[in-house]
>>> print(open('data35.cif').read())   # mmCIF, N, CA and C atoms
data_upload
#
loop_
_atom_site.label_atom_id
_atom_site.label_comp_id
_atom_site.auth_asym_id
_atom_site.auth_seq_id
_atom_site.Cartn_x
_atom_site.Cartn_y
_atom_site.Cartn_z
N MET W 15 29.09 -126.49 -172.69
CA MET W 15 29.00 -125.06 -172.41
C MET W 15 30.40 -124.46 -172.16
N ARG W 16 31.17 -125.23 -171.41
CA ARG W 16 32.51 -124.74 -171.06
C ARG W 16 33.42 -124.64 -172.28
N VAL W 17 33.29 -125.59 -173.19
CA VAL W 17 34.10 -125.58 -174.40
C VAL W 17 33.72 -124.39 -175.29
N ALA W 18 32.42 -124.13 -175.38
CA ALA W 18 31.95 -123.00 -176.19
C ALA W 18 32.46 -121.67 -175.62
N LEU W 19 32.47 -121.53 -174.30
CA LEU W 19 32.98 -120.31 -173.68
C LEU W 19 34.48 -120.16 -173.93
N THR W 20 35.21 -121.27 -173.87
CA THR W 20 36.65 -121.23 -174.11
C THR W 20 36.96 -120.84 -175.56
N ILE W 21 36.20 -121.40 -176.49
CA ILE W 21 36.40 -121.04 -177.90
C ILE W 21 36.06 -119.58 -178.14
N ALA W 22 34.94 -119.12 -177.58
CA ALA W 22 34.54 -117.72 -177.75
C ALA W 22 35.57 -116.77 -177.14
N GLN W 23 36.10 -117.14 -175.99
CA GLN W 23 37.10 -116.30 -175.35
C GLN W 23 38.39 -116.26 -176.16
N SER W 24 38.77 -117.38 -176.75
CA SER W 24 39.98 -117.41 -177.59
C SER W 24 39.81 -116.53 -178.82
N VAL W 25 38.65 -116.60 -179.45
CA VAL W 25 38.39 -115.78 -180.64
C VAL W 25 38.40 -114.30 -180.29
N ILE W 26 37.73 -113.93 -179.20
CA ILE W 26 37.70 -112.53 -178.77
C ILE W 26 39.10 -112.05 -178.40
N ALA W 27 39.89 -112.92 -177.77
CA ALA W 27 41.26 -112.54 -177.41
C ALA W 27 42.10 -112.24 -178.65
N ILE W 28 41.96 -113.06 -179.68
CA ILE W 28 42.71 -112.83 -180.92
C ILE W 28 42.25 -111.53 -181.59
N ILE W 29 40.94 -111.31 -181.63
CA ILE W 29 40.41 -110.08 -182.21
C ILE W 29 40.92 -108.87 -181.43
N LEU W 30 40.91 -108.96 -180.12
CA LEU W 30 41.37 -107.86 -179.27
C LEU W 30 42.85 -107.55 -179.52
N ILE W 31 43.66 -108.57 -179.64
CA ILE W 31 45.09 -108.37 -179.92
C ILE W 31 45.29 -107.69 -181.26
N VAL W 32 44.58 -108.14 -182.28
CA VAL W 32 44.72 -107.57 -183.62
C VAL W 32 44.28 -106.11 -183.63
N VAL W 33 43.16 -105.81 -182.98
CA VAL W 33 42.65 -104.43 -182.97
C VAL W 33 43.60 -103.49 -182.23
N VAL W 34 44.16 -103.96 -181.14
CA VAL W 34 45.12 -103.12 -180.40
C VAL W 34 46.37 -102.88 -181.24
N LEU W 35 46.84 -103.89 -181.94
CA LEU W 35 48.03 -103.71 -182.77
C LEU W 35 47.79 -102.82 -183.98
N LEU W 36 46.56 -102.73 -184.45
CA LEU W 36 46.23 -101.88 -185.59
C LEU W 36 46.17 -100.39 -185.24
N GLN W 37 46.01 -100.10 -183.96
CA GLN W 37 45.88 -98.70 -183.56
C GLN W 37 47.21 -97.96 -183.70
N PRO W 38 47.15 -96.71 -184.19
CA PRO W 38 48.39 -95.93 -184.32
C PRO W 38 48.88 -95.47 -182.95
N SER W 39 50.17 -95.18 -182.86
CA SER W 39 50.70 -94.73 -181.58
C SER W 39 50.28 -93.29 -181.31
N LYS W 40 50.21 -92.93 -180.05
CA LYS W 40 49.76 -91.60 -179.66
C LYS W 40 50.90 -90.61 -179.48
N THR W 41 52.12 -91.08 -179.57
CA THR W 41 53.26 -90.19 -179.33
C THR W 41 53.77 -89.60 -180.63
N ASN W 42 54.33 -88.42 -180.53
CA ASN W 42 54.90 -87.76 -181.69
C ASN W 42 56.40 -88.01 -181.81
N GLY W 43 57.00 -88.51 -180.78
CA GLY W 43 58.43 -88.73 -180.80
C GLY W 43 59.19 -87.41 -180.81
N LEU W 44 60.27 -87.33 -181.55
CA LEU W 44 61.07 -86.12 -181.62
C LEU W 44 60.40 -85.01 -182.42
N SER W 45 59.48 -85.34 -183.30
CA SER W 45 58.83 -84.29 -184.09
C SER W 45 57.99 -83.38 -183.19
N GLY W 46 57.43 -83.89 -182.13
CA GLY W 46 56.68 -83.06 -181.20
C GLY W 46 57.59 -82.14 -180.40
N LEU W 47 58.79 -82.60 -180.14
CA LEU W 47 59.76 -81.79 -179.42
C LEU W 47 60.27 -80.63 -180.27
N VAL W 48 60.54 -80.90 -181.53
CA VAL W 48 61.10 -79.89 -182.42
C VAL W 48 60.04 -78.89 -182.87
N SER W 49 58.87 -79.39 -183.26
CA SER W 49 57.85 -78.50 -183.82
C SER W 49 56.99 -77.83 -182.75
N GLY W 50 57.12 -78.22 -181.52
CA GLY W 50 56.37 -77.57 -180.46
C GLY W 50 55.02 -78.18 -180.17
N GLY W 51 54.78 -79.41 -180.57
CA GLY W 51 53.53 -80.08 -180.26
C GLY W 51 52.62 -80.21 -181.46
N THR W 52 51.39 -80.55 -181.18
CA THR W 52 50.44 -80.77 -182.27
C THR W 52 49.77 -79.47 -182.67
N THR W 53 49.33 -79.41 -183.88
CA THR W 53 48.61 -78.24 -184.37
C THR W 53 47.18 -78.63 -184.69
N GLU W 54 46.30 -77.67 -184.72
CA GLU W 54 44.91 -77.91 -185.05
C GLU W 54 44.80 -78.18 -186.55
N SER W 55 44.11 -79.22 -186.90
CA SER W 55 43.89 -79.53 -188.30
C SER W 55 42.49 -80.11 -188.44
N PHE W 56 42.08 -80.32 -189.66
CA PHE W 56 40.76 -80.91 -189.92
C PHE W 56 40.69 -82.29 -189.29
N TYR W 57 41.77 -83.05 -189.39
CA TYR W 57 41.80 -84.40 -188.84
C TYR W 57 41.64 -84.39 -187.32
N SER W 58 42.33 -83.48 -186.64
CA SER W 58 42.26 -83.46 -185.18
C SER W 58 40.89 -82.99 -184.68
N LYS W 59 40.19 -82.21 -185.48
CA LYS W 59 38.86 -81.73 -185.07
C LYS W 59 37.78 -82.78 -185.32
N ASN W 60 38.00 -83.71 -186.25
CA ASN W 60 37.01 -84.71 -186.62
C ASN W 60 37.46 -86.13 -186.29
N LYS W 61 38.12 -86.30 -185.17
CA LYS W 61 38.65 -87.62 -184.81
C LYS W 61 37.55 -88.63 -184.50
N SER W 62 36.36 -88.17 -184.11
CA SER W 62 35.31 -89.11 -183.76
C SER W 62 34.78 -89.87 -184.96
N ARG W 63 35.06 -89.41 -186.17
CA ARG W 63 34.56 -90.05 -187.39
C ARG W 63 35.65 -90.78 -188.15
N THR W 64 36.76 -91.02 -187.55
CA THR W 64 37.88 -91.64 -188.25
C THR W 64 37.97 -93.12 -187.93
N SER W 65 38.85 -93.80 -188.64
CA SER W 65 39.07 -95.21 -188.37
C SER W 65 39.73 -95.42 -187.00
N GLU W 66 40.47 -94.42 -186.55
CA GLU W 66 41.08 -94.50 -185.22
C GLU W 66 40.01 -94.57 -184.13
N ALA W 67 38.97 -93.79 -184.28
CA ALA W 67 37.87 -93.81 -183.31
C ALA W 67 37.12 -95.14 -183.37
N MET W 68 36.95 -95.67 -184.58
CA MET W 68 36.28 -96.95 -184.73
C MET W 68 37.08 -98.07 -184.07
N LEU W 69 38.40 -98.05 -184.25
CA LEU W 69 39.25 -99.06 -183.61
C LEU W 69 39.19 -98.95 -182.09
N SER W 70 39.11 -97.73 -181.59
CA SER W 70 39.02 -97.52 -180.15
C SER W 70 37.71 -98.09 -179.60
N LYS W 71 36.62 -97.88 -180.31
CA LYS W 71 35.33 -98.41 -179.87
C LYS W 71 35.30 -99.93 -179.93
N ILE W 72 35.88 -100.50 -180.99
CA ILE W 72 35.95 -101.96 -181.10
C ILE W 72 36.79 -102.54 -179.97
N THR W 73 37.86 -101.87 -179.60
CA THR W 73 38.71 -102.32 -178.50
C THR W 73 37.94 -102.36 -177.20
N ILE W 74 37.17 -101.32 -176.94
CA ILE W 74 36.38 -101.27 -175.69
C ILE W 74 35.35 -102.38 -175.66
N VAL W 75 34.65 -102.58 -176.78
CA VAL W 75 33.62 -103.62 -176.83
C VAL W 75 34.24 -105.00 -176.65
N CYS W 76 35.34 -105.27 -177.32
CA CYS W 76 36.01 -106.57 -177.19
C CYS W 76 36.52 -106.80 -175.78
N ALA W 77 37.04 -105.76 -175.15
CA ALA W 77 37.54 -105.91 -173.78
C ALA W 77 36.40 -106.22 -172.81
N VAL W 78 35.27 -105.58 -172.99
CA VAL W 78 34.11 -105.86 -172.12
C VAL W 78 33.61 -107.28 -172.33
N ILE W 79 33.51 -107.69 -173.59
CA ILE W 79 33.07 -109.07 -173.87
C ILE W 79 34.06 -110.08 -173.30
N PHE W 80 35.35 -109.80 -173.42
CA PHE W 80 36.37 -110.69 -172.87
C PHE W 80 36.24 -110.81 -171.35
N ALA W 81 36.01 -109.68 -170.68
CA ALA W 81 35.85 -109.70 -169.22
C ALA W 81 34.60 -110.49 -168.82
N VAL W 82 33.51 -110.30 -169.53
CA VAL W 82 32.28 -111.03 -169.22
C VAL W 82 32.48 -112.53 -169.44
N LEU W 83 33.17 -112.90 -170.50
CA LEU W 83 33.44 -114.31 -170.74
C LEU W 83 34.32 -114.92 -169.64
N CYS W 84 35.28 -114.15 -169.14
CA CYS W 84 36.11 -114.63 -168.03
C CYS W 84 35.27 -114.90 -166.79
N ILE W 85 34.36 -113.99 -166.50
CA ILE W 85 33.49 -114.15 -165.33
C ILE W 85 32.56 -115.36 -165.53
N LEU W 86 32.00 -115.49 -166.72
CA LEU W 86 31.12 -116.63 -167.00
C LEU W 86 31.85 -117.97 -166.89
N GLN W 87 33.11 -118.00 -167.33
CA GLN W 87 33.87 -119.24 -167.22
C GLN W 87 34.09 -119.61 -165.77
N ASN W 88 34.30 -118.64 -164.90
CA ASN W 88 34.50 -118.95 -163.48
C ASN W 88 33.20 -119.37 -162.81
N ILE W 89 32.08 -118.86 -163.29
CA ILE W 89 30.79 -119.24 -162.71
C ILE W 89 30.41 -120.65 -163.14
N VAL W 90 30.70 -121.02 -164.39
CA VAL W 90 30.33 -122.33 -164.92
C VAL W 90 31.10 -123.46 -164.25
N LYS W 91 32.29 -123.19 -163.77
CA LYS W 91 33.10 -124.24 -163.11
C LYS W 91 32.24 -124.95 -162.13
#
>>> encode(input="data35.cif", output="structure tokens")
Amino acid sequence: MRVALTIAQSVIAIILIVVVLLQPSKTNGLSGLVSGGTTESFYSKNKSRTSEAMLSKITIVCAVIFAVLCILQNIVK
């Protein structure tokens, strides 16, 4: 049981790392300073249906599963 939890936690950890690295950065850098910030566009109005939103949801699910696996590993000891 303990080995299976360790393997599952390792797989979830790798998936979590990859998903976090795939997410785009939230900062505009100097372009936000020069242009005065973000503007309204079709993309900004429909963010809930984009790949960015999907990556965010996958990150949350993986983080919750990772936390549950950590707790289960401590209980199984």
>>> residues_around(input="data35.cif", residues="range 63-76 of chain W", least_positions_apart="4", cutoff="7 Å", atoms="all atoms listed in the file", output="JSON, numbers by chain")
{"W": [26, 29, 30, 33, 34, 37, 38, 80, 81]}
>>> residues_around(input="data35.cif", residues="Leu19 in chain W", least_positions_apart="3", cutoff="8 Å", atoms="only N, CA and C atoms", output="compact mmCIF listing (two decimals) with N, CA and C atoms, in the coordinates of the input")
# COMPACT_ATOMS: atom_id res chain seq x y z
N MET W 15 29.09 -126.49 -172.69
CA MET W 15 29.00 -125.06 -172.41
C MET W 15 30.40 -124.46 -172.16
N ARG W 16 31.17 -125.23 -171.41
CA ARG W 16 32.51 -124.74 -171.06
C ARG W 16 33.42 -124.64 -172.28
N ALA W 22 34.94 -119.12 -177.58
CA ALA W 22 34.54 -117.72 -177.75
C ALA W 22 35.57 -116.77 -177.14
N GLN W 23 36.10 -117.14 -175.99
CA GLN W 23 37.10 -116.30 -175.35
C GLN W 23 38.39 -116.26 -176.16
N SER W 24 38.77 -117.38 -176.75
CA SER W 24 39.98 -117.41 -177.59
C SER W 24 39.81 -116.53 -178.82
N VAL W 25 38.65 -116.60 -179.45
CA VAL W 25 38.39 -115.78 -180.64
C VAL W 25 38.40 -114.30 -180.29
N LEU W 83 33.17 -112.90 -170.50
CA LEU W 83 33.44 -114.31 -170.74
C LEU W 83 34.32 -114.92 -169.64
N CYS W 84 35.28 -114.15 -169.14
CA CYS W 84 36.11 -114.63 -168.03
C CYS W 84 35.27 -114.90 -166.79
N LEU W 86 32.00 -115.49 -166.72
CA LEU W 86 31.12 -116.63 -167.00
C LEU W 86 31.85 -117.97 -166.89
N GLN W 87 33.11 -118.00 -167.33
CA GLN W 87 33.87 -119.24 -167.22
C GLN W 87 34.09 -119.61 -165.77
>>> atom_distance(input="data35.cif", atom1="atom C of Val17 in chain W", atom2="CA of Leu35 in chain W")
26.2 Å
>>> atom_distance(input="data35.cif", atom1="CA of Ala18 in chain W", atom2="CA of Leu36 in chain W")
27.2 Å
